[in-house]
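Novice: The following block contains the structure, expressed as structure tokens.
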Amino acid sequence: MKKKTASKKLNDHIKVLILMMVFVLILMAVLKGPVYYSVNNFRSMIFQFPEYGVLSFGMMVCMIAGGIDLSLVGIMNLGGVVCALLIKNAGVPIPLACLASVAVGAGCGALNGLIIGSLDIPAMLVTLCGLEVYSGLALAITGGPAINGMSDSFKNIANGSIGSIPYVLFIFIGVLIVVAFIMKHTVFGHEVYFLGSNKQAARYSGINTLRTTILAHTMSGILGGISGIIITSHLNSAKSSNGSTYTLLSLLIVVLGGINPDGGGGTVAGVTFSIVLLQLIANAFTIMHAPDTLKTLVNGCLLVAALILDKVMQKRDMQKNS
Amino acid sequence: MNESETPYGSETVWGFFSKKERPGQNMGNEENKVFLKLKGIKKSFGGVHALRGVDLEIREGEIHCLAGENGCGKSTLIKAISGVHEPDEGEIWINGEKVEHMKPIDAINRGIQVIYQDFAVFPNLTVAENIALNGEVKNRKKFVNWKEIHQIAERGMAQVGAELDPDMPLEQLPVAGKQMVAICRAIVNDAKLLILDEPTTALTEKEVGKLWEVLRGLKKKGIAIMIVNHKLDEIYQIADSLTILRNGKYISSGKISEYNDARFMKDMTGRDLVETKYDPAPSDEEVFRVDHLTLKGRFEDVSFSMNKGDILGLTGLLGSGRGEIGEALFGITPPESGDIYLNGKKIEIHSVADAIKNKIGYVPEDRLTQGLFMERSIEDNTIASSIRDYFHGMSLNEKEMREASERWLKDLSIAAPSIDPPVRTLSGGNAQKVVIAKWLNTHPKLFILNGPTVGVDVGAKAEIHDILRGLAKQGIGIIIISDDLPELLQNCNKIVIMNKGKVRLVTDNKIDKLSL
């Protein structure tokens, strides 16, 4: 059943993403074949993308709901700091500390959603403030310097592997499956789409818009918390300013992945392909020893191209239909 | 002044009922020069033939009505006349001169001005700026002369007969005011042919009367006017002549006096419409009752009841509280006091969730912003309010959801190839049927419809009425909130008339039309 819907829903946008991935893969095969297509290189890629991939799913949910979550990096670092402190200073078992990070994320997200939904303040403003507040809180807790040197087993979450497959890949795939299931096969997932498509009509259809807004942001917060565990383990260090580029990166990913910035549209599949595509490109730059600034430029161009492409395709669809 | 001919001179708001008065019909002037002539206009988009050979003739000083069901090609025709779409075939003659490859600016220079439904006005600018700035831009003025702007605006308003404060920002004006501004703007830009796309949809009866007055004034000045409309009563009130399109084809054209209701319906829909009054078998079984329902500032002490099989009409002017009662019963703005009984059981409505729990469905007034998710599929829209019913065990049963939507597509004869296209692609009537399907899928016990056939063509309107009658017979309480009195008289066996938030009259609809 899944195959059927997947092939049918394979929209133009995803086709373009796949085409771009193929293009990068072929180009790299020509330019740096042996280095690019080594097990080690693919391993290094897999170690990198889950932390911002999970974050992007949070951004995706909020954007489908008609909002945005700019506070994700703040939530991620606050969660990471709490997790690291509990393990290092309080000697809390790792699973419990991870749970605490997720709980912190859920709490921050719920607070975002509550303010957005009940007071009707634009999500962009609320979550921008959230970013400051949660980062500030993380900074206040640490007092400035990073928390380093957690146990090896904690470090292993994001750095260890089974055979040559990193653990984080399984975490990422697990998150992906859960998120995809929620968005497609639960009432809440559909309500998020309805809310983002037309908030008023959602209300007039009997959907509890406040509840859906809070839940969407809570889900985003939980994903932020998970991402906090991964990045803290990955760097074996927690501080308030880790991954500061991820806010824009996750925005880039979801828009490139075909999530409608106005809300209500886009698929988990699109975002997943977009995450992988960006990792392929980032890795290509590293291998080519290209400067980081150039990467920013290319990412920027990609985003603009994706936005233009979307509008062009939308117009074409409209004309077909009129 | 033909004041006496407008039915709005009298105090009764429902004066427009007297169809015998057709002020338009003897005012056409055969000798007037033809301003616009279209011959065999054809236009297709991809494989879709939007226009398949349309002829049209509009004379100076004539009010010409273009009628047809939604999707018949009216909008495409307007766009062809205004130069937005170039026709694939056919000829356009303006003022006796054949025009080829017309661009929008050519049409404007030849005096063709279109007033679309959204009026294309600037809400944050003032009345004067809206009226005059277009001309300033057109004349390639580099600097704005504020004194001149005011003069132009005042001159335009004087010509049209509109009385507006030139310094008022447009967003503070009611819809009718914005429309007046758009008309003034067209006039100061030397309109010779004024095209109005469904100008009355958002107006109250009184405002419609004022609009007709303005248009008659312009007509006397020799301006040709084309109105797109499919409300029969309004066409009789204002038009001199009429052209009917159906499926992109020219069907008929002629003086308004050559038409009667039957011919009009036949030409519009291609079939004879039999209009029968709804007359259910009497029943003592009470379905729904409200006692002393009050929401301060909106309505007060409203009481009515309905029995099994009843269709209740709720009417009154805009602001009379008719719509507010619908929103209150659905929990959008819950009532403050009063009792509500559904099927003999007292219920409490404090929120939309309460209304849904008690099986109350509500079709809101504004289909586009409140009723539908335009970008989502017909299926999604159909199950939007009942999606919880499909969550079994761990996940949503997609097969059941599809089957339910497909059933409604068939049962309500929604004209769409499948349940997958977005609702945006549907015509007004079919979109409204989707809203109805959404609620029927919740199996409501009480179904409230606010303006159920606004912007819906004649054919679909009759179909929607049939659906509602069928539901009432099944024992579902149906409340129609509308200002379309013919609709209420035809479909409701009980009518509640509101005025200033209070019930003024409850009738069993046995009385004659004219005595209202």
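Ordering of the structure tokens sets the chain letters (A, B, ...); residue numbers start at 1 within each chain; ligands are numbered from 1 in the order shown.
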Using only C-alpha atoms, find each residue in region 156-259 of chain A having at least one atom no more than 10 Å away from region 84-91 of chain A; report its shortest atom-to-atom pair and that distance in Å (one decimal), rows by chain then rising number, as a tab-separated table.

Specialist:
```
residue	atom	partner	partner_atom	distance
A:Gly228	CA	A:Ala84	CA	9.8
A:Ile229	CA	A:Ala84	CA	8.5
A:Thr232	CA	A:Ala84	CA	7.4
A:Ser233	CA	A:Ala84	CA	8.7
A:Asn236	CA	A:Ala84	CA	8.8
A:Ser237	CA	A:Ala84	CA	7.7
A:Ala238	CA	A:Ala84	CA	6.4
A:Lys239	CA	A:Ala84	CA	9.3
```

Novice: Generate a file of the selected residues that holds C-alpha atoms, formatted as an mmCIF file, in the first residue's frame.

Specialist:
```
data_model
loop_
_atom_site.group_PDB
_atom_site.id
_atom_site.type_symbol
_atom_site.label_atom_id
_atom_site.label_comp_id
_atom_site.auth_asym_id
_atom_site.auth_seq_id
_atom_site.Cartn_x
_atom_site.Cartn_y
_atom_site.Cartn_z
ATOM 1 C CA GLY A 228 20.329 18.304 21.197
ATOM 2 C CA ILE A 229 21.307 14.836 22.399
ATOM 3 C CA THR A 232 26.091 17.109 22.316
ATOM 4 C CA SER A 233 27.204 13.509 21.916
ATOM 5 C CA ASN A 236 31.095 15.627 23.245
ATOM 6 C CA SER A 237 30.448 19.142 24.398
ATOM 7 C CA ALA A 238 27.382 21.212 25.246
ATOM 8 C CA LYS A 239 27.135 24.952 25.074
#
```

Novice: Find the residues around Ser75 (chain B) up to 12 Å (only C-alpha atoms counted), leave out those fewer than 2 positions away in its own chain, and share them as an NGL selection string.

Specialist: (:A and (322)) or (:B and (43 or 50-51 or 66-73 or 77-82 or 84-85 or 114-117 or 195-198 or 227-229 or 245 or 248))

Novice: Return the neighbours of chain A among the residues of chain B, cut-off 6 Å, counting only C-alpha atoms, as a ChimeraX atom specification.

Specialist: /B:352,370-373,385,395-396

Novice: For the structure I just gave you, how does DSSP split region 151-260 of chain B - specifically, which residues are alpha helix (DSSP H)? Reply as a PyMOL selection string.

Specialist: chain B and resi 151-160+175-188+205-220+232-238

Novice: Would you mind listing what lies within 8 Å of His217 (chain A) as an MDAnalysis selection string, with only C-alpha atoms counted and same-chain residues fewer than 3 positions away left out?

Specialist: chainID A and resid 58 61:62 69 109:110 112:113 213:214 220:221

Novice: Expressed in Å to a single decimal, how great is the separation between CA of Phe447 (chain B) and CA of Leu342 (chain B)?

Specialist: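 Going from CA of Phe447 (chain B) over to CA of Leu342 (chain B), I get 11.5 Å.
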
Novice: Which neighbours of region 100-108 of chain A fall inside 12 Å, counting only C-alpha atoms, when residues of the same chain fewer than 6 positions from it are skipped, and could you give them as a PyMOL selection string?

Specialist: chain A and resi 55+58+69+71-87+92-94+114-115+126-127+129-131+133-135+137-138+214-232+238

Novice: Residues near Ala416 (chain B), anyone? I mean within 12 Å using only C-alpha atoms, not counting same-chain ones fewer than 2 positions away, as a CSV table (one decimal) with C-alpha atoms, in the first residue's frame.

Specialist:
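This went into around_22.csv:
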```csv
chain,number,residue,atom,x,y,z
A,321,ASN,CA,-6.6,23.7,-14.5
B,377,SER,CA,-8.1,17.9,-2.4
B,378,ILE,CA,-11.8,17.3,-2.5
B,379,GLU,CA,-11.2,14.2,-0.4
B,405,SER,CA,-15.5,11.0,-0.4
B,406,GLU,CA,-16.2,9.1,-3.6
B,408,TRP,CA,-20.4,12.0,-1.7
B,409,LEU,CA,-18.9,13.0,-5.0
B,410,LYS,CA,-21.5,10.7,-6.6
B,412,LEU,CA,-24.2,15.1,-4.5
B,413,SER,CA,-23.2,15.0,-8.2
B,414,ILE,CA,-20.1,17.2,-7.7
B,418,SER,CA,-12.1,12.5,-9.1
B,419,ILE,CA,-11.7,13.3,-5.5
B,420,ASP,CA,-8.0,14.3,-5.9
B,421,PRO,CA,-8.0,17.7,-7.6
B,422,PRO,CA,-7.8,20.7,-5.2
B,423,VAL,CA,-11.1,22.4,-4.4
B,424,ARG,CA,-9.7,25.6,-6.0
B,425,THR,CA,-10.4,24.1,-9.4
B,426,LEU,CA,-14.1,23.7,-8.8
B,427,SER,CA,-16.8,26.2,-9.7
B,429,GLY,CA,-21.7,25.5,-6.9
B,430,ASN,CA,-19.5,22.4,-6.8
B,431,ALA,CA,-17.3,23.9,-4.1
B,433,LYS,CA,-21.4,21.0,-2.5
B,434,VAL,CA,-18.1,20.0,-1.0
```

Novice: To one decimal place in Å, what is the distance between CA of Ile121 (chain A) and CA of Gly257 (chain A)?

Specialist: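 So the two atoms, CA of Ile121 (chain A) and CA of Gly257 (chain A), lie 26.5 Å apart.
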
Novice: Give me the residues within 8 Å of region 276-284 of chain A as a short mmCIF file (atom, residue, chain, number, x, y, z; two decimals) with N, CA and C atoms, in the first residue's frame, counting only C-alpha atoms and dropping any in the same chain fewer than 2 places off.

Specialist:
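Written output follows (result.cif):
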```
data_model
loop_
_atom_site.label_atom_id
_atom_site.label_comp_id
_atom_site.auth_asym_id
_atom_site.auth_seq_id
_atom_site.Cartn_x
_atom_site.Cartn_y
_atom_site.Cartn_z
N LEU A 17 14.40 17.07 -7.04
CA LEU A 17 15.40 16.82 -5.99
C LEU A 17 16.25 15.60 -6.34
N MET A 20 18.64 16.37 -9.03
CA MET A 20 19.79 17.14 -8.54
C MET A 20 20.77 16.23 -7.81
N MET A 21 20.24 15.27 -7.04
CA MET A 21 21.11 14.34 -6.33
C MET A 21 21.93 13.52 -7.33
N VAL A 24 24.70 15.61 -8.73
CA VAL A 24 25.85 15.76 -7.82
C VAL A 24 26.66 14.46 -7.80
N LEU A 25 25.97 13.34 -7.71
CA LEU A 25 26.65 12.04 -7.63
C LEU A 25 27.50 11.78 -8.88
N MET A 28 30.52 14.19 -9.02
CA MET A 28 31.58 13.81 -8.10
C MET A 28 32.29 12.54 -8.57
N TYR A 36 35.29 10.12 -3.22
CA TYR A 36 33.88 10.35 -2.91
C TYR A 36 33.17 9.03 -2.64
N MET A 45 29.61 11.26 6.04
CA MET A 45 28.38 11.99 5.73
C MET A 45 27.28 11.61 6.71
N GLN A 48 27.24 13.21 9.94
CA GLN A 48 26.96 14.65 9.99
C GLN A 48 25.49 15.03 9.93
N PHE A 49 24.72 14.39 9.01
CA PHE A 49 23.42 14.99 8.75
C PHE A 49 22.31 14.73 9.77
N ILE A 253 16.51 23.70 4.07
CA ILE A 253 16.15 22.32 3.77
C ILE A 253 14.65 22.16 3.54
N THR A 272 13.11 14.81 3.38
CA THR A 272 14.15 13.81 3.53
C THR A 272 15.15 13.87 2.37
N PHE A 273 14.60 13.92 1.16
CA PHE A 273 15.49 14.03 -0.01
C PHE A 273 16.32 15.30 0.05
N SER A 274 15.69 16.36 0.51
CA SER A 274 16.38 17.63 0.59
C SER A 274 17.54 17.56 1.59
N THR A 286 33.60 19.80 0.75
CA THR A 286 34.71 19.44 1.63
C THR A 286 35.79 18.69 0.85
N ILE A 287 35.34 17.74 0.06
CA ILE A 287 36.29 16.92 -0.69
C ILE A 287 37.05 17.72 -1.72
N MET A 288 36.34 18.69 -2.32
CA MET A 288 37.00 19.52 -3.33
C MET A 288 37.87 20.59 -2.67
N LYS A 295 30.24 27.58 -0.41
CA LYS A 295 29.14 26.68 -0.07
C LYS A 295 27.90 27.50 0.27
#
```

Novice: Check the smallest atom-to-atom distance from each of B:Val160, B:Cys492, B:Met394, B:Gly428 to Met374 (chain B) using only C-alpha atoms, then report the winner.

Specialist: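 Smallest distance to Met374 (chain B) is found for B:Gly428.
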
Novice: Could you work out how far CA of Gly477 (chain B) lies from CA of Glu285 (chain B), giving the answer in Å with one decimal?

Specialist: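 Calculated distance between CA of Glu285 (chain B) and CA of Gly477 (chain B) is 11.3 Å.
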
Novice: Can you list, as a ChimeraX atom specification, every protein, DNA or RNA residue that comes within 9 Å of Lys277 (chain B) when you count only C-alpha atoms, leaving out same-chain residues fewer than 5 positions away?

Specialist: /B:489-493

Novice: Could you check the closest approach to Leu125 (chain A) for each of A:Ile14, A:Val39, A:Leu70, A:Leu302 and tell me which residue wins, using only C-alpha atoms?

Specialist: A:Leu70

Novice: Counting only C-alpha atoms, which of A:Ser244, A:Thr267, A:Ser38, A:Ser250 gets nearest to Asn299 (chain A)?

Specialist: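 Of the candidates, the smallest distance to Asn299 (chain A) is held by A:Ser250.
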